[in-house]
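One structure is given here, and the rest of the page talks about it.
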Amino acid sequence: MIKQGCDALQSKSRLSKDKSSSKTLCKVKQPKKTTVKKRAWDAFSKFIRTRDCLKTTGTLERGICITCHQEFAFRELQAGHFIPGRHNANLFSEKGVHAQCSACNKWGLGKPLEYRRAIVSLYGEGYDEVLEKESKEIKKYSVQDLTEICEKYKMKLKELLNESISKNNN
Ligand SMILES: [Zn+2]
């Protein structure tokens, strides 16, 4: 009880100070969390699709869908989750997300059986369960986290593109 009272007093005295400083801070507009999240997702999705196009066809223009094994143009591919749910630790999971055509991702609802088979053949027996566990971890992303994720995948995309250029030149 005593502690509570003390905290309340402290925050009261802070309040009057913060009022003046927050006015000046407000001039630098913080981006909205939804905006940052979208940017992070766009960077991650581009990285995933580029990675999988290079891996499956060796080109940047076309890639093979993880669940129907058909070839599609880069723009027709989406970054599809093995386990749906955009709120937990699996949102930005490199092994839990792959290039997938929209027919499989949206209308096939991710094709879970085919996806599970693909995960096991890519990463080994039991990896489907590792990803299942990951998808149950609740992860709250802060604006800072999302900004870092965005930068990380922009960098990783650059690295992929540089690798593919040097491969083509050799
Ligand atoms: Zn497909």
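The way I read the labels, and the way they are meant: chains A, B, ... in the order of the structure tokens, residue 1 as the first residue of every chain, and ligand 1 as the first ligand shown, with later ones counted on from there.
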Using only C-alpha atoms and all ligand atoms, find each residue with an atom at most 6 Å away from ligand 1 and format the answer as a PyMOL selection string.
chain A and resi 65+67-68+100-101+103-104
Taking 5 positions as the minimum chain separation for residues in the same chain, which residues sit within 10 Å of segment 137-151 of chain A when counting only C-alpha atoms? Answer as JSON, numbers by chain.
{"A": [30, 31, 32, 33, 34, 35, 36, 37, 38, 39, 40, 41, 42, 43, 44, 87, 88, 89, 90, 91, 92, 132, 156, 157]}
Selection above as a file: C-alpha atoms, as an mmCIF file, in the first residue's frame:
```cif
data_model
loop_
_atom_site.group_PDB
_atom_site.id
_atom_site.type_symbol
_atom_site.label_atom_id
_atom_site.label_comp_id
_atom_site.auth_asym_id
_atom_site.auth_seq_id
_atom_site.Cartn_x
_atom_site.Cartn_y
_atom_site.Cartn_z
ATOM 1 C CA GLN A 30 6.157 8.295 -34.671
ATOM 2 C CA PRO A 31 4.931 5.938 -37.405
ATOM 3 C CA LYS A 32 1.847 3.920 -36.560
ATOM 4 C CA LYS A 33 2.353 0.327 -35.503
ATOM 5 C CA THR A 34 0.151 -0.951 -38.332
ATOM 6 C CA THR A 35 2.260 0.964 -40.863
ATOM 7 C CA VAL A 36 5.518 -0.413 -39.467
ATOM 8 C CA LYS A 37 4.045 -3.913 -39.312
ATOM 9 C CA LYS A 38 3.023 -3.714 -42.955
ATOM 10 C CA ARG A 39 6.484 -2.496 -43.958
ATOM 11 C CA ALA A 40 8.099 -5.341 -41.997
ATOM 12 C CA TRP A 41 5.760 -7.869 -43.590
ATOM 13 C CA ASP A 42 6.425 -6.527 -47.105
ATOM 14 C CA ALA A 43 10.195 -6.791 -46.590
ATOM 15 C CA PHE A 44 9.902 -10.290 -45.115
ATOM 16 C CA HIS A 87 -0.153 -12.729 -34.195
ATOM 17 C CA ASN A 88 2.372 -15.161 -32.780
ATOM 18 C CA ALA A 89 6.044 -16.003 -33.066
ATOM 19 C CA ASN A 90 5.520 -17.714 -36.413
ATOM 20 C CA LEU A 91 4.573 -14.517 -38.228
ATOM 21 C CA PHE A 92 8.156 -13.876 -39.348
ATOM 22 C CA GLU A 132 3.776 -25.993 -34.291
ATOM 23 C CA LYS A 156 18.921 -10.205 -46.268
ATOM 24 C CA LEU A 157 17.203 -9.510 -49.592
#
```
In terms of the shortest atom-to-atom distance over only C-alpha atoms, which of A:Ile48, A:Met155, A:Leu109, A:Val97 is closest to Ser135 of chain A?
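With only C-alpha atoms as the atom set, the closest residue is A:Val97.
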In terms of the shortest atom-to-atom distance over only C-alpha atoms, which of A:Leu113, A:Gln78, A:Gln70, A:Ser93 is closest to Tyr153 of chain A?
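Nearest candidate to Tyr153 of chain A out of A:Leu113, A:Gln78, A:Gln70, A:Ser93: A:Ser93.
For the residues A:Asn168, A:His98, A:Leu160, A:Ile83, ranking by smallest atom-to-atom distance to Asp128 of chain A using only C-alpha atoms places A:Ile83 first.
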With DSSP run on the backbone, what are the strand (DSSP E) residues within chain A? I'd like them as a VMD selection string.
chain A and resid 62 to 64 71 to 73 77 to 81 97 to 101
Take the residues just selected and output them with N, CA and C atoms as a compact mmCIF listing (two decimals), in the first residue's frame.
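The resulting file, part24.txt, is reproduced below:
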```txt
# COMPACT_ATOMS: atom_id res chain seq x y z
N ARG A 62 10.75 -16.41 -61.49
CA ARG A 62 9.76 -17.47 -61.34
C ARG A 62 10.11 -18.39 -60.17
N GLY A 63 9.07 -18.99 -59.58
CA GLY A 63 9.31 -19.90 -58.47
C GLY A 63 8.24 -20.98 -58.41
N ILE A 64 8.55 -22.04 -57.66
CA ILE A 64 7.62 -23.16 -57.56
C ILE A 64 6.88 -23.09 -56.23
N GLU A 71 4.87 -24.00 -61.32
CA GLU A 71 5.71 -22.81 -61.45
C GLU A 71 4.85 -21.56 -61.66
N PHE A 72 5.22 -20.48 -60.98
CA PHE A 72 4.48 -19.22 -61.10
C PHE A 72 5.47 -18.06 -61.24
N ALA A 73 4.95 -16.95 -61.77
CA ALA A 73 5.76 -15.73 -61.83
C ALA A 73 5.89 -15.20 -60.40
N LEU A 77 3.24 -15.16 -56.70
CA LEU A 77 3.53 -15.93 -55.48
C LEU A 77 3.30 -15.09 -54.24
N GLN A 78 2.85 -15.75 -53.17
CA GLN A 78 2.66 -15.08 -51.89
C GLN A 78 3.56 -15.76 -50.87
N ALA A 79 3.74 -15.08 -49.74
CA ALA A 79 4.49 -15.71 -48.65
C ALA A 79 3.46 -16.40 -47.76
N GLY A 80 3.37 -17.73 -47.89
CA GLY A 80 2.30 -18.47 -47.21
C GLY A 80 2.80 -19.16 -45.95
N HIS A 81 2.01 -19.02 -44.89
CA HIS A 81 2.38 -19.65 -43.61
C HIS A 81 2.03 -21.13 -43.58
N VAL A 97 7.44 -20.12 -43.33
CA VAL A 97 6.81 -19.36 -44.42
C VAL A 97 7.57 -19.62 -45.73
N HIS A 98 6.81 -19.90 -46.78
CA HIS A 98 7.43 -20.20 -48.08
C HIS A 98 6.60 -19.60 -49.20
N ALA A 99 7.23 -19.56 -50.38
CA ALA A 99 6.51 -19.07 -51.56
C ALA A 99 5.39 -20.05 -51.89
N GLN A 100 4.21 -19.49 -52.03
CA GLN A 100 3.03 -20.32 -52.27
C GLN A 100 2.13 -19.57 -53.25
N CYS A 101 1.48 -20.31 -54.16
CA CYS A 101 0.59 -19.62 -55.09
C CYS A 101 -0.68 -19.20 -54.35
```
Which residue is closest to Lys95 of chain A? Choose from A:Gly124, A:Leu54, A:Glu76, A:Glu114 and count only C-alpha atoms.
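Closest candidate: A:Gly124.
When atom CA of Asn105 of chain A is paired with atom CA of Thr56 of chain A, their separation reads 17.9 Å.
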